[in-house]
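Down below is the structure, laid out as structure tokens.
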Amino acid sequence: MDDDLIAGHLQELRRGTVVLACLTTLAQPRYGYALLETLAQAGFAVDGNTLYPLLRRLEKQGLLTSEWNTDDARPRKFYRVSPDGARVLDQLMTEWRTLDTAIGALDGGDPR
């Protein structure tokens, strides 16, 4: 089996779930680097070059809010899910669970 082929499909699968992972994690305010660490600790490694543009896009879409914290020596931009983002997250989670159930049924419940 071609490793590049598998890597490409895995990348597509992750790309489709990174929004869900971010919205889920940002129920609590976090700044970008802390979000990267939280996702990585959960086994969902995301590159910063992917995450930061995604955060800006989600904020522009109204799914996230942000605010600068200048209390420390280095200012940090904290992100949090907006009310619209929470509604989108609920819909995405419902769809995710439906898809997970459907794939499980197609797989015959075999955990492999």
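FYI, nothing fancy with the structure tokens labels: chains A, B, ... in order, residues from 1 per chain, ligands from 1 as they appear.
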
For range 24-28 of chain A, work out the shell of residues within 12 Å, counting only C-alpha atoms and skipping chain neighbours fewer than 3 positions away, then give it as a PyMOL selection string. chain A and resi 17-21+31-32+34-42+44+55+58-59+63-66+78-83+85-93

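Every residue of range 9-99 of chain A with a DSSP assignment of strand (DSSP E), taken from the backbone, is listed as Arg30, Tyr31, Leu64, Thr65, Ser66, Glu67, Trp68, Asn69, Arg76, Lys77, Phe78, Tyr79, Arg80 and Val81 of chain A.
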
Excluding Lys77 in chain A and its own-chain neighbours fewer than 5 positions away, which residues fall within 10 Å of it when counting only C-alpha atoms? Please give them as number ranges by chain. A: 29-33, 66-70

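Distance-wise, CA of Gln61 in chain A and CA of Asp84 in chain A end up 9.3 Å apart.
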
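Residue nearest Leu54 in chain A within the list A:Gly108, A:Arg15, A:Gly8, A:Thr98: A:Arg15 [criterion: smallest interatomic distance, only C-alpha atoms].
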
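Atom to atom, CA of Asn49 in chain A and CA of Gly16 in chain A stand 16.1 Å apart.
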